[in-house]
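As stored in query-v3.pdb (PDB, C-alpha atoms):
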```pdb
ATOM      1  CA  MET T   1      14.158  73.649 -41.657
ATOM      2  CA  ARG T   2      17.757  72.650 -40.960
ATOM      3  CA  LEU T   3      17.213  73.356 -37.257
ATOM      4  CA  LEU T   4      14.132  71.121 -37.241
ATOM      5  CA  VAL T   5      16.028  68.305 -38.981
ATOM      6  CA  SER T   6      18.910  68.622 -36.530
ATOM      7  CA  LEU T   7      16.504  68.516 -33.605
ATOM      8  CA  LEU T   8      14.763  65.410 -34.941
ATOM      9  CA  ALA T   9      18.122  63.718 -35.514
ATOM     10  CA  ALA T  10      19.173  64.490 -31.932
ATOM     11  CA  LEU T  11      15.915  63.091 -30.566
ATOM     12  CA  LEU T  12      16.300  59.920 -32.630
ATOM     13  CA  LEU T  13      19.868  59.491 -31.375
ATOM     14  CA  LEU T  14      18.746  59.960 -27.747
ATOM     15  CA  PHE T  15      15.924  57.447 -28.206
ATOM     16  CA  SER T  16      18.358  54.979 -29.763
ATOM     17  CA  LEU T  17      20.818  55.325 -26.870
ATOM     18  CA  ASN T  18      18.055  54.851 -24.297
ATOM     19  CA  SER T  19      16.794  51.770 -26.148
ATOM     20  CA  VAL T  20      20.281  50.269 -26.099
ATOM     21  CA  ALA T  21      20.612  51.000 -22.371
ATOM     22  CA  LEU T  22      17.235  49.420 -21.622
ATOM     23  CA  ALA T  23      18.116  46.377 -23.690
ATOM     24  CA  ALA T  24      21.454  45.843 -21.905
ATOM     25  CA  PRO T  25      21.691  42.129 -21.105
ATOM     26  CA  LEU T  26      21.373  40.974 -17.523
ATOM     27  CA  PRO T  27      24.176  38.877 -15.994
ATOM     28  CA  PRO T  28      23.960  35.228 -17.097
ATOM     29  CA  VAL T  29      22.179  32.812 -14.780
ATOM     30  CA  LEU T  30      24.496  30.759 -12.580
ATOM     31  CA  THR T  31      23.905  27.091 -13.399
ATOM     32  CA  THR T  32      24.667  24.026 -11.329
ATOM     33  CA  GLU T  33      27.488  23.032 -13.683
ATOM     34  CA  VAL T  34      29.194  26.430 -13.532
ATOM     35  CA  LEU T  35      28.764  26.590  -9.761
ATOM     36  CA  GLN T  36      30.462  23.212  -9.315
ATOM     37  CA  GLU T  37      33.295  24.265 -11.605
ATOM     38  CA  ARG T  38      33.889  27.583  -9.820
ATOM     39  CA  VAL T  39      33.823  25.957  -6.382
ATOM     40  CA  LYS T  40      36.502  23.463  -7.428
ATOM     41  CA  GLN T  41      38.784  26.134  -8.935
ATOM     42  CA  PRO T  42      39.242  29.208  -6.716
ATOM     43  CA  VAL T  43      41.120  32.080  -8.340
ATOM     44  CA  THR T  44      43.131  35.062  -7.157
ATOM     45  CA  LEU T  45      41.261  38.336  -7.658
ATOM     46  CA  GLU T  46      42.446  41.678  -6.282
ATOM     47  CA  GLY T  47      44.981  39.914  -4.093
ATOM     48  CA  TYR T  48      42.517  37.458  -2.502
ATOM     49  CA  ARG T  49      41.954  33.773  -3.188
ATOM     50  CA  VAL T  50      38.242  33.506  -3.814
ATOM     51  CA  ILE T  51      35.488  31.483  -5.407
ATOM     52  CA  ASN T  52      34.598  33.662  -8.372
ATOM     53  CA  LEU T  53      30.836  34.125  -8.678
ATOM     54  CA  ARG T  54      30.949  37.701  -9.946
ATOM     55  CA  GLU T  55      28.666  38.981 -12.717
ATOM     56  CA  PHE T  56      26.025  36.250 -12.415
ATOM     57  CA  THR T  57      22.310  36.152 -11.775
ATOM     58  CA  ILE T  58      22.024  33.819  -8.784
ATOM     59  CA  ASP T  59      18.491  32.494  -8.310
ATOM     60  CA  LEU T  60      17.850  31.565  -4.665
ATOM     61  CA  ARG T  61      14.082  31.911  -4.751
ATOM     62  CA  PRO T  62      11.923  29.183  -3.110
ATOM     63  CA  GLU T  63      10.793  27.879  -6.494
ATOM     64  CA  ASN T  64      14.452  27.112  -7.260
ATOM     65  CA  GLN T  65      14.827  24.993  -4.133
ATOM     66  CA  GLU T  66      17.139  22.305  -5.567
ATOM     67  CA  PHE T  67      19.711  24.813  -6.807
ATOM     68  CA  ARG T  68      19.437  26.879  -3.618
ATOM     69  CA  ALA T  69      20.188  23.867  -1.400
ATOM     70  CA  LEU T  70      23.165  22.902  -3.558
ATOM     71  CA  PHE T  71      24.437  26.494  -3.580
ATOM     72  CA  TYR T  72      24.716  26.673   0.207
ATOM     73  CA  GLN T  73      25.981  23.102   0.572
ATOM     74  CA  LEU T  74      28.843  23.384  -1.933
ATOM     75  CA  LEU T  75      29.967  26.813  -0.779
ATOM     76  CA  GLN T  76      29.758  25.960   2.924
ATOM     77  CA  ILE T  77      32.074  22.986   2.434
ATOM     78  CA  ALA T  78      34.539  24.820   0.169
ATOM     79  CA  LEU T  79      34.781  27.935   2.355
ATOM     80  CA  ASN T  80      35.469  26.038   5.579
ATOM     81  CA  LYS T  81      38.201  23.540   4.767
ATOM     82  CA  PRO T  82      40.691  23.353   7.658
ATOM     83  CA  GLY T  83      44.044  24.985   6.963
ATOM     84  CA  THR T  84      42.895  26.922   3.888
ATOM     85  CA  THR T  85      41.490  30.418   3.533
ATOM     86  CA  VAL T  86      39.180  30.926   0.570
ATOM     87  CA  GLY T  87      36.821  33.851   0.172
ATOM     88  CA  LEU T  88      33.810  34.602  -1.987
ATOM     89  CA  ASP T  89      33.421  37.178  -4.762
ATOM     90  CA  LEU T  90      29.835  38.123  -5.638
ATOM     91  CA  SER T  91      30.703  41.474  -7.217
ATOM     92  CA  GLN T  92      28.283  42.858  -9.826
ATOM     93  CA  SER T  93      25.950  39.872  -9.389
ATOM     94  CA  ARG T  94      22.165  39.897  -8.935
ATOM     95  CA  ILE T  95      20.848  37.771  -6.088
ATOM     96  CA  LEU T  96      17.220  36.733  -6.549
ATOM     97  CA  GLY T  97      15.341  35.737  -3.408
ATOM     98  CA  ASP T  98      16.526  35.919   0.187
ATOM     99  CA  PHE T  99      20.248  35.467   0.869
ATOM    100  CA  ALA T 100      21.168  33.526   4.044
ATOM    101  CA  GLY T 101      24.837  34.483   4.224
ATOM    102  CA  LYS T 102      25.205  33.005   7.696
ATOM    103  CA  ASP T 103      24.579  29.541   6.180
ATOM    104  CA  LEU T 104      27.893  29.817   4.309
ATOM    105  CA  GLY T 105      29.998  29.934   7.468
ATOM    106  CA  LEU T 106      30.973  27.470  10.152
ATOM    107  CA  ARG T 107      29.074  27.442  13.440
ATOM    108  CA  VAL T 108      31.544  27.177  16.328
ATOM    109  CA  PRO T 109      31.593  27.816  20.089
ATOM    110  CA  LEU T 110      33.212  31.077  21.115
ATOM    111  CA  PHE T 111      35.001  29.404  24.020
ATOM    112  CA  GLY T 112      36.959  26.205  24.531
ATOM    113  CA  ASP T 113      39.841  24.383  22.846
ATOM    114  CA  ALA T 114      37.694  22.865  20.092
ATOM    115  CA  LEU T 115      38.640  25.776  17.830
ATOM    116  CA  SER T 116      42.338  24.937  17.666
ATOM    117  CA  PRO T 117      42.437  22.399  14.788
ATOM    118  CA  MET T 118      40.071  24.444  12.632
ATOM    119  CA  PHE T 119      41.765  27.828  12.442
ATOM    120  CA  THR T 120      45.115  29.364  11.657
ATOM    121  CA  PRO T 121      46.992  31.193  14.449
ATOM    122  CA  GLU T 122      45.942  34.538  12.942
ATOM    123  CA  GLU T 123      42.272  33.519  12.976
ATOM    124  CA  LEU T 124      42.518  32.277  16.560
ATOM    125  CA  GLU T 125      43.990  35.642  17.545
ATOM    126  CA  GLN T 126      40.937  37.383  16.070
ATOM    127  CA  ILE T 127      38.601  35.124  18.048
ATOM    128  CA  GLN T 128      40.566  35.865  21.222
ATOM    129  CA  LYS T 129      39.911  39.559  20.561
ATOM    130  CA  ASP T 130      36.227  38.792  20.475
ATOM    131  CA  ARG T 131      36.398  36.923  23.769
ATOM    132  CA  ARG T 132      38.066  39.894  25.412
ATOM    133  CA  ARG T 133      35.517  42.248  23.883
ATOM    134  CA  LEU T 134      32.634  40.113  25.133
ATOM    135  CA  SER T 135      34.067  40.252  28.640
ATOM    136  CA  GLN T 136      34.083  44.043  28.422
ATOM    137  CA  LEU T 137      30.548  44.116  27.019
ATOM    138  CA  GLY T 138      29.369  41.932  29.880
ATOM    139  CA  GLN T 139      30.481  44.705  32.249
ATOM    140  CA  PHE T 140      28.762  47.439  30.221
ATOM    141  CA  SER T 141      25.193  48.183  31.244
ATOM    142  CA  GLY T 142      22.644  47.319  28.588
ATOM    143  CA  SER T 143      25.106  45.542  26.313
ATOM    144  CA  GLY T 144      22.409  43.192  25.092
ATOM    145  CA  LEU T 145      24.166  39.885  25.815
ATOM    146  CA  THR T 146      21.395  37.319  26.056
ATOM    147  CA  ALA T 147      23.248  34.099  26.949
ATOM    148  CA  PRO T 148      26.078  33.029  29.294
ATOM    149  CA  MET T 149      29.403  33.474  27.520
ATOM    150  CA  ASP T 150      30.363  29.808  27.891
ATOM    151  CA  LYS T 151      27.208  28.894  25.923
ATOM    152  CA  MET T 152      27.692  31.369  23.096
ATOM    153  CA  GLU T 153      28.310  30.342  19.507
ATOM    154  CA  ILE T 154      29.037  32.291  16.374
ATOM    155  CA  THR T 155      29.282  31.661  12.646
ATOM    156  CA  THR T 156      32.753  32.280  11.241
ATOM    157  CA  PHE T 157      33.438  33.468   7.704
ATOM    158  CA  ARG T 158      37.157  33.020   7.177
ATOM    159  CA  GLY T 159      37.969  34.390   3.721
ATOM    160  CA  ALA T 160      37.529  37.817   2.187
ATOM    161  CA  ILE T 161      34.037  38.654   0.980
ATOM    162  CA  GLN T 162      33.646  40.878  -2.093
ATOM    163  CA  MET T 163      30.228  42.324  -2.902
ATOM    164  CA  VAL T 164      31.172  45.364  -4.983
ATOM    165  CA  GLY T 165      28.087  46.546  -6.832
ATOM    166  CA  THR T 166      26.116  43.413  -5.903
ATOM    167  CA  ARG T 167      22.330  43.746  -5.987
ATOM    168  CA  PHE T 168      20.424  41.771  -3.353
ATOM    169  CA  LEU T 169      16.779  41.752  -4.453
ATOM    170  CA  GLY T 170      15.492  39.918  -1.361
ATOM    171  CA  ALA T 171      16.272  40.046   2.353
ATOM    172  CA  LEU T 172      19.806  39.418   3.633
ATOM    173  CA  ASP T 173      20.579  37.479   6.821
ATOM    174  CA  TRP T 174      24.183  37.663   7.999
ATOM    175  CA  GLN T 175      23.535  37.959  11.717
ATOM    176  CA  ASN T 176      25.883  36.652  14.416
ATOM    177  CA  THR T 177      28.760  36.122  11.956
ATOM    178  CA  PHE T 178      32.458  36.754  12.560
ATOM    179  CA  PHE T 179      34.064  38.062   9.360
ATOM    180  CA  LEU T 180      37.698  37.220  10.029
ATOM    181  CA  ASN T 181      38.844  38.882   6.827
ATOM    182  CA  ARG T 182      38.014  41.995   4.819
ATOM    183  CA  LEU T 183      34.426  42.727   3.778
ATOM    184  CA  GLU T 184      34.083  44.904   0.674
ATOM    185  CA  ALA T 185      30.517  45.958  -0.168
ATOM    186  CA  SER T 186      31.055  49.335  -1.830
ATOM    187  CA  GLY T 187      28.266  50.241  -4.221
ATOM    188  CA  ALA T 188      26.126  47.277  -3.184
ATOM    189  CA  GLU T 189      22.345  47.581  -3.188
ATOM    190  CA  PHE T 190      20.105  45.882  -0.637
ATOM    191  CA  LYS T 191      16.486  46.038  -1.788
ATOM    192  CA  GLY T 192      15.204  43.941   1.124
ATOM    193  CA  SER T 193      15.948  44.153   4.835
ATOM    194  CA  ALA T 194      19.600  43.575   5.797
ATOM    195  CA  ASP T 195      20.349  41.903   9.138
ATOM    196  CA  TRP T 196      23.953  42.113  10.384
ATOM    197  CA  SER T 197      23.038  42.090  14.086
ATOM    198  CA  GLU T 198      25.630  40.791  16.587
ATOM    199  CA  SER T 199      28.192  40.272  13.838
ATOM    200  CA  ARG T 200      31.923  40.918  14.149
ATOM    201  CA  PHE T 201      34.124  42.547  11.522
ATOM    202  CA  GLY T 202      37.733  41.568  12.170
ATOM    203  CA  SER T 203      39.192  43.632   9.344
ATOM    204  CA  LEU T 204      38.106  46.600   7.244
ATOM    205  CA  ALA T 205      34.357  46.754   6.570
ATOM    206  CA  ASN T 206      33.695  48.960   3.557
ATOM    207  CA  PHE T 207      30.083  49.905   2.757
ATOM    208  CA  THR T 208      30.888  53.106   0.833
ATOM    209  CA  ARG T 209      28.078  54.279  -1.503
ATOM    210  CA  THR T 210      25.886  51.341  -0.484
ATOM    211  CA  ILE T 211      22.091  51.636  -0.689
ATOM    212  CA  PHE T 212      19.870  50.097   1.998
ATOM    213  CA  GLN T 213      16.322  50.434   0.670
ATOM    214  CA  LYS T 214      14.672  48.743   3.668
ATOM    215  CA  ASP T 215      15.640  48.363   7.341
ATOM    216  CA  SER T 216      19.308  47.775   8.162
ATOM    217  CA  ASN T 217      20.199  46.149  11.480
ATOM    218  CA  PHE T 218      23.719  46.262  12.956
ATOM    219  CA  ARG T 219      22.566  45.959  16.570
ATOM    220  CA  GLY T 220      25.301  44.672  18.880
ATOM    221  CA  SER T 221      27.888  44.397  16.109
ATOM    222  CA  ILE T 222      31.608  44.910  16.710
ATOM    223  CA  PHE T 223      33.948  46.609  14.245
ATOM    224  CA  PHE T 224      37.490  45.702  15.296
ATOM    225  CA  ASP T 225      39.023  47.715  12.450
ATOM    226  CA  LYS T 226      38.003  50.784  10.468
ATOM    227  CA  SER T 227      34.434  50.846   9.145
ATOM    228  CA  ASN T 228      33.480  52.952   6.120
ATOM    229  CA  PHE T 229      29.835  53.968   5.655
ATOM    230  CA  ASN T 230      30.567  57.068   3.558
ATOM    231  CA  GLN T 231      27.899  58.313   1.115
ATOM    232  CA  VAL T 232      25.475  55.553   2.112
ATOM    233  CA  GLN T 233      21.724  55.793   1.554
ATOM    234  CA  PHE T 234      19.864  54.419   4.595
ATOM    235  CA  GLU T 235      16.264  54.562   3.394
ATOM    236  CA  GLY T 236      14.594  52.493   6.122
ATOM    237  CA  GLU T 237      15.050  52.237   9.879
ATOM    238  CA  THR T 238      18.730  51.989  10.842
ATOM    239  CA  VAL T 239      19.903  50.302  14.053
ATOM    240  CA  PHE T 240      23.435  50.373  15.465
ATOM    241  CA  SER T 241      22.383  50.200  19.121
ATOM    242  CA  GLY T 242      24.936  48.507  21.357
ATOM    243  CA  SER T 243      27.543  48.373  18.568
ATOM    244  CA  VAL T 244      31.249  48.813  19.261
ATOM    245  CA  PHE T 245      33.569  50.746  16.940
ATOM    246  CA  ALA T 246      37.116  49.820  17.976
ATOM    247  CA  GLY T 247      38.515  51.672  14.943
ATOM    248  CA  ASN T 248      37.301  54.870  13.319
ATOM    249  CA  GLY T 249      33.684  54.724  12.158
ATOM    250  CA  THR T 250      33.004  57.073   9.239
ATOM    251  CA  PHE T 251      29.512  57.947   7.989
ATOM    252  CA  SER T 252      30.341  61.220   6.248
ATOM    253  CA  GLN T 253      27.940  62.479   3.537
ATOM    254  CA  SER T 254      25.469  59.664   4.246
ATOM    255  CA  VAL T 255      21.690  60.093   4.334
ATOM    256  CA  PHE T 256      19.487  58.515   7.023
ATOM    257  CA  GLN T 257      15.849  58.768   5.981
ATOM    258  CA  GLY T 258      14.248  56.638   8.709
ATOM    259  CA  LEU T 259      14.571  56.391  12.484
ATOM    260  CA  THR T 260      18.268  56.047  13.400
ATOM    261  CA  ASP T 261      19.391  54.354  16.622
ATOM    262  CA  PHE T 262      22.994  54.517  17.890
ATOM    263  CA  SER T 263      21.980  54.209  21.554
ATOM    264  CA  ARG T 264      24.516  52.536  23.906
ATOM    265  CA  SER T 265      27.100  52.381  21.117
ATOM    266  CA  ILE T 266      30.782  52.551  22.079
ATOM    267  CA  TRP T 267      33.274  54.523  19.982
ATOM    268  CA  GLN T 268      36.915  53.814  20.802
ATOM    269  CA  GLY T 269      38.052  55.576  17.628
ATOM    270  CA  ASN T 270      36.594  58.695  16.040
ATOM    271  CA  GLY T 271      32.983  58.885  14.892
ATOM    272  CA  ASP T 272      32.678  60.962  11.725
ATOM    273  CA  PHE T 273      29.176  62.162  10.763
ATOM    274  CA  SER T 274      30.309  65.189   8.776
ATOM    275  CA  LEU T 275      27.730  66.473   6.254
ATOM    276  CA  VAL T 276      25.297  63.689   7.209
ATOM    277  CA  ARG T 277      21.560  64.315   6.787
ATOM    278  CA  PHE T 278      19.171  62.773   9.304
ATOM    279  CA  GLY T 279      15.587  62.905   8.061
ATOM    280  CA  ASP T 280      13.959  61.317  11.122
ATOM    281  CA  ALA T 281      14.636  61.079  14.853
ATOM    282  CA  VAL T 282      18.182  60.128  15.951
ATOM    283  CA  ARG T 283      19.197  58.407  19.183
ATOM    284  CA  PHE T 284      22.688  58.477  20.670
ATOM    285  CA  THR T 285      21.221  57.824  24.128
ATOM    286  CA  GLY T 286      23.753  56.295  26.506
ATOM    287  CA  ALA T 287      26.507  56.194  23.871
ATOM    288  CA  LYS T 288      30.159  56.489  24.853
ATOM    289  CA  PHE T 289      32.634  58.445  22.690
ATOM    290  CA  GLU T 290      36.252  57.780  23.638
ATOM    291  CA  GLY T 291      37.441  59.542  20.472
ATOM    292  CA  GLU T 292      36.220  62.633  18.634
ATOM    293  CA  LEU T 293      32.634  62.976  17.461
ATOM    294  CA  LEU T 294      32.529  64.973  14.214
ATOM    295  CA  LEU T 295      29.157  66.429  13.262
ATOM    296  CA  ARG T 296      30.414  69.268  11.062
ATOM    297  CA  GLY T 297      27.736  70.390   8.636
ATOM    298  CA  ALA T 298      25.327  67.640   9.751
ATOM    299  CA  THR T 299      21.568  68.259   9.466
ATOM    300  CA  PHE T 300      19.036  66.975  12.005
ATOM    301  CA  ALA T 301      15.517  67.397  10.620
ATOM    302  CA  GLN T 302      13.862  65.813  13.676
ATOM    303  CA  ALA T 303      14.705  65.364  17.349
ATOM    304  CA  VAL T 304      18.144  64.096  18.355
ATOM    305  CA  SER T 305      18.929  62.583  21.755
ATOM    306  CA  PHE T 306      22.336  62.581  23.445
ATOM    307  CA  ARG T 307      20.801  61.819  26.827
ATOM    308  CA  GLU T 308      23.279  60.095  29.211
ATOM    309  CA  THR T 309      25.927  60.160  26.488
ATOM    310  CA  ARG T 310      29.579  60.291  27.554
ATOM    311  CA  PHE T 311      32.005  62.516  25.609
ATOM    312  CA  ASN T 312      35.686  62.020  26.443
ATOM    313  CA  PHE T 313      36.685  64.456  23.672
ATOM    314  CA  PRO T 314      34.944  67.595  22.374
ATOM    315  CA  ALA T 315      32.072  67.083  19.941
ATOM    316  CA  ASN T 316      32.437  69.193  16.796
ATOM    317  CA  LEU T 317      29.058  70.663  15.758
ATOM    318  CA  ARG T 318      30.422  73.472  13.582
ATOM    319  CA  GLU T 319      27.861  74.516  10.924
ATOM    320  CA  ALA T 320      25.495  71.727  12.001
ATOM    321  CA  SER T 321      21.757  72.384  11.638
ATOM    322  CA  ILE T 322      19.417  71.189  14.410
ATOM    323  CA  LEU T 323      15.939  71.931  13.067
ATOM    324  CA  ASN T 324      14.028  70.344  15.944
ATOM    325  CA  LYS T 325      15.107  69.711  19.541
ATOM    326  CA  ALA T 326      18.339  68.252  20.913
ATOM    327  CA  ASP T 327      18.456  66.495  24.296
ATOM    328  CA  PHE T 328      21.813  66.605  26.120
ATOM    329  CA  SER T 329      20.371  65.939  29.587
ATOM    330  CA  VAL T 330      22.585  63.958  31.994
ATOM    331  CA  ALA T 331      25.339  63.903  29.324
ATOM    332  CA  GLY T 332      28.957  63.929  30.509
ATOM    333  CA  PHE T 333      31.675  66.066  28.900
TER     334      PHE T 333
END
```
This structure in structure tokens:
Amino acid sequence: MRLLVSLLAALLLLFSLNSVALAAPLPPVLTTEVLQERVKQPVTLEGYRVINLREFTIDLRPENQEFRALFYQLLQIALNKPGTTVGLDLSQSRILGDFAGKDLGLRVPLFGDALSPMFTPEELEQIQKDRRRLSQLGQFSGSGLTAPMDKMEITTFRGAIQMVGTRFLGALDWQNTFFLNRLEASGAEFKGSADWSESRFGSLANFTRTIFQKDSNFRGSIFFDKSNFNQVQFEGETVFSGSVFAGNGTFSQSVFQGLTDFSRSIWQGNGDFSLVRFGDAVRFTGAKFEGELLLRGATFAQAVSFRETRFNFPANLREASILNKADFSVAGF
């Protein structure tokens, strides 16, 4: 009898704890008044001067058109004042609807003297790096450049961007953006497609433990510094074709469930895919590894292609499992 009572008490306690967890309040809705107040009064968080929009529910759905227009307008002005560097903190927030991150930056030409009055010397130095990189890409076969360099433009995001634990419930569009400062997205969750194609990451890009539930597109992106994609869940199609990793690119312990494309990517630092699981076909066709390629303990469930890939250092495949076929034809070691 006592055992039965104890068991019932334990079940009631478990039910009570689950009920409390389910009833946990959602982040408060960001209102127009609070948005205006936060934009006017940036704060210092974790060493960065930012507009603090953390722990809010931010409704950018089409039916909330008036707030959505004001959201992008106020932030675009505040984040792009000449001579100041202010970032954005969206950590632990819920973003309803599609998020057009590129609309927060400043559209500028990649070439010409018009940049000078807008940016600090440090920011101009970053843009000069991009110009040099574009010149190199223009000489690399299949780089994907679609316009003459003197006609090219890019959106600049000058301050640090914090998205720790942020949940994006719609699609994200941050294509063709130059992040001049650190991007911190550890633990973020992207429920819709995420487009980062042709973007530049001038400082550390940290996507550790991020979840991409739909397609993720980093085609033609450039990582000037270290990029962390450790323990990431890529659940849809993943594209890094034509991307450049100037620093070390780490993907250790990540899971790629869909088709994965790293074709024509350039790795000037090390590429770490240790203990990675690839559930679908993988393409490294035409990639160039100027540093080490680490595939220790990696699992390839479907075909993997290293056709026409260039290895300037040994590739470490110790304890890797290739369960289908691997194509190393015309590869250079």
Any chance you could tabulate, as JSON lines, the residues of region 161-255 of chain T at most 7 Å from region 94-113 of chain T with each one's nearest atom pair and distance in Å to one decimal, using all atoms listed in the file, in chain and rising number order?
```
{"residue": "T:Thr166", "atom": "CA", "partner": "T:Arg94", "partner_atom": "CA", "distance": 6.1}
{"residue": "T:Arg167", "atom": "CA", "partner": "T:Arg94", "partner_atom": "CA", "distance": 4.9}
{"residue": "T:Phe168", "atom": "CA", "partner": "T:Ile95", "partner_atom": "CA", "distance": 4.9}
{"residue": "T:Leu169", "atom": "CA", "partner": "T:Leu96", "partner_atom": "CA", "distance": 5.5}
{"residue": "T:Gly170", "atom": "CA", "partner": "T:Asp98", "partner_atom": "CA", "distance": 4.4}
{"residue": "T:Ala171", "atom": "CA", "partner": "T:Asp98", "partner_atom": "CA", "distance": 4.7}
{"residue": "T:Leu172", "atom": "CA", "partner": "T:Phe99", "partner_atom": "CA", "distance": 4.8}
{"residue": "T:Asp173", "atom": "CA", "partner": "T:Ala100", "partner_atom": "CA", "distance": 4.9}
{"residue": "T:Trp174", "atom": "CA", "partner": "T:Lys102", "partner_atom": "CA", "distance": 4.8}
{"residue": "T:Gln175", "atom": "CA", "partner": "T:Lys102", "partner_atom": "CA", "distance": 6.6}
{"residue": "T:Thr177", "atom": "CA", "partner": "T:Lys102", "partner_atom": "CA", "distance": 6.4}
```
Emit the selected residues as an mmCIF file, in the frame of the given file, including C-alpha atoms.
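Writing done, so here's result_0.cif:
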```cif
data_model
loop_
_atom_site.group_PDB
_atom_site.id
_atom_site.type_symbol
_atom_site.label_atom_id
_atom_site.label_comp_id
_atom_site.auth_asym_id
_atom_site.auth_seq_id
_atom_site.Cartn_x
_atom_site.Cartn_y
_atom_site.Cartn_z
ATOM 1 C CA THR T 166 26.116 43.413 -5.903
ATOM 2 C CA ARG T 167 22.330 43.746 -5.987
ATOM 3 C CA PHE T 168 20.424 41.771 -3.353
ATOM 4 C CA LEU T 169 16.779 41.752 -4.453
ATOM 5 C CA GLY T 170 15.492 39.918 -1.361
ATOM 6 C CA ALA T 171 16.272 40.046 2.353
ATOM 7 C CA LEU T 172 19.806 39.418 3.633
ATOM 8 C CA ASP T 173 20.579 37.479 6.821
ATOM 9 C CA TRP T 174 24.183 37.663 7.999
ATOM 10 C CA GLN T 175 23.535 37.959 11.717
ATOM 11 C CA THR T 177 28.760 36.122 11.956
#
```
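With CA of Gly269 (chain T) on one side and CA of Leu293 (chain T) on the other, the separation reads 9.2 Å.
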TODO: Around the point (16.0, 59.3, 22.4) in the file's coordinates, collect all residues with an atom within 12 Å, using only C-alpha atoms, and return them as an MDAnalysis selection string.
DONE: chainID T and resid 241 259:264 280:287 302:309 325:329
Can you tell me, as an mmCIF file with C-alpha atoms, in the coordinates of the input, what residues are no more than 9 Å from region 203-219 of chain T when counting all atoms listed in the file, ignoring any on the same chain fewer than 4 positions away?
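Here's the written file part.cif:
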```cif
data_model
loop_
_atom_site.group_PDB
_atom_site.id
_atom_site.type_symbol
_atom_site.label_atom_id
_atom_site.label_comp_id
_atom_site.auth_asym_id
_atom_site.auth_seq_id
_atom_site.Cartn_x
_atom_site.Cartn_y
_atom_site.Cartn_z
ATOM 1 C CA GLY T 144 22.409 43.192 25.092
ATOM 2 C CA GLY T 165 28.087 46.546 -6.832
ATOM 3 C CA ALA T 171 16.272 40.046 2.353
ATOM 4 C CA GLN T 175 23.535 37.959 11.717
ATOM 5 C CA PHE T 179 34.064 38.062 9.360
ATOM 6 C CA LEU T 180 37.698 37.220 10.029
ATOM 7 C CA ASN T 181 38.844 38.882 6.827
ATOM 8 C CA ARG T 182 38.014 41.995 4.819
ATOM 9 C CA LEU T 183 34.426 42.727 3.778
ATOM 10 C CA GLU T 184 34.083 44.904 0.674
ATOM 11 C CA ALA T 185 30.517 45.958 -0.168
ATOM 12 C CA SER T 186 31.055 49.335 -1.830
ATOM 13 C CA GLY T 187 28.266 50.241 -4.221
ATOM 14 C CA ALA T 188 26.126 47.277 -3.184
ATOM 15 C CA GLU T 189 22.345 47.581 -3.188
ATOM 16 C CA PHE T 190 20.105 45.882 -0.637
ATOM 17 C CA LYS T 191 16.486 46.038 -1.788
ATOM 18 C CA GLY T 192 15.204 43.941 1.124
ATOM 19 C CA SER T 193 15.948 44.153 4.835
ATOM 20 C CA ALA T 194 19.600 43.575 5.797
ATOM 21 C CA ASP T 195 20.349 41.903 9.138
ATOM 22 C CA TRP T 196 23.953 42.113 10.384
ATOM 23 C CA SER T 197 23.038 42.090 14.086
ATOM 24 C CA GLU T 198 25.630 40.791 16.587
ATOM 25 C CA SER T 199 28.192 40.272 13.838
ATOM 26 C CA PHE T 223 33.948 46.609 14.245
ATOM 27 C CA PHE T 224 37.490 45.702 15.296
ATOM 28 C CA ASP T 225 39.023 47.715 12.450
ATOM 29 C CA LYS T 226 38.003 50.784 10.468
ATOM 30 C CA SER T 227 34.434 50.846 9.145
ATOM 31 C CA ASN T 228 33.480 52.952 6.120
ATOM 32 C CA PHE T 229 29.835 53.968 5.655
ATOM 33 C CA ASN T 230 30.567 57.068 3.558
ATOM 34 C CA GLN T 231 27.899 58.313 1.115
ATOM 35 C CA VAL T 232 25.475 55.553 2.112
ATOM 36 C CA GLN T 233 21.724 55.793 1.554
ATOM 37 C CA PHE T 234 19.864 54.419 4.595
ATOM 38 C CA GLU T 235 16.264 54.562 3.394
ATOM 39 C CA GLY T 236 14.594 52.493 6.122
ATOM 40 C CA GLU T 237 15.050 52.237 9.879
ATOM 41 C CA THR T 238 18.730 51.989 10.842
ATOM 42 C CA VAL T 239 19.903 50.302 14.053
ATOM 43 C CA PHE T 240 23.435 50.373 15.465
ATOM 44 C CA SER T 241 22.383 50.200 19.121
ATOM 45 C CA GLY T 242 24.936 48.507 21.357
ATOM 46 C CA SER T 243 27.543 48.373 18.568
ATOM 47 C CA PHE T 251 29.512 57.947 7.989
ATOM 48 C CA SER T 254 25.469 59.664 4.246
ATOM 49 C CA GLY T 258 14.248 56.638 8.709
ATOM 50 C CA ASP T 261 19.391 54.354 16.622
ATOM 51 C CA PHE T 262 22.994 54.517 17.890
#
```
- [ ] I would like the residues chosen by the PyMOL selection byres ((chain T and resi 297) around 9) on the shown file; could you give them as a ChimeraX atom specification?
- [x] /T:273-277,295-296,298-299,317-321
What are the centre and the three edge lengths of an axis-aligned box that wraps all atoms of region 31-47 of chain T in the file, given that 5 Å is added to every side, written as lines of an AutoDock Vina configuration file and rounded to one decimal in Å?
```
center_x = 34.4
center_y = 32.4
center_z = -8.9
size_x = 31.1
size_y = 28.6
size_z = 19.6
```
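Using all atoms listed in the file, the smallest distance between any of T:Phe178, T:Gly87, T:Arg310, T:Asn316 and Val330 (chain T) comes from T:Arg310.
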Task: Contact residues around Phe56 (chain T) with only C-alpha atoms at 7 Å, ignoring same-chain residues under 6 positions, as a VMD selection string - done: chain T and resid 27 to 30 93 to 94
TODO: Using CA of Pro314 (chain T) and CA of Asp130 (chain T) as the two end points, give the distance in Å to one decimal.
DONE: 28.9 Å
Task: Closest of T:Pro121, T:Gly159, T:Gly247, T:Gly220 to Val50 (chain T) - atom-to-atom distances counting all atoms listed in the file - done: T:Gly159
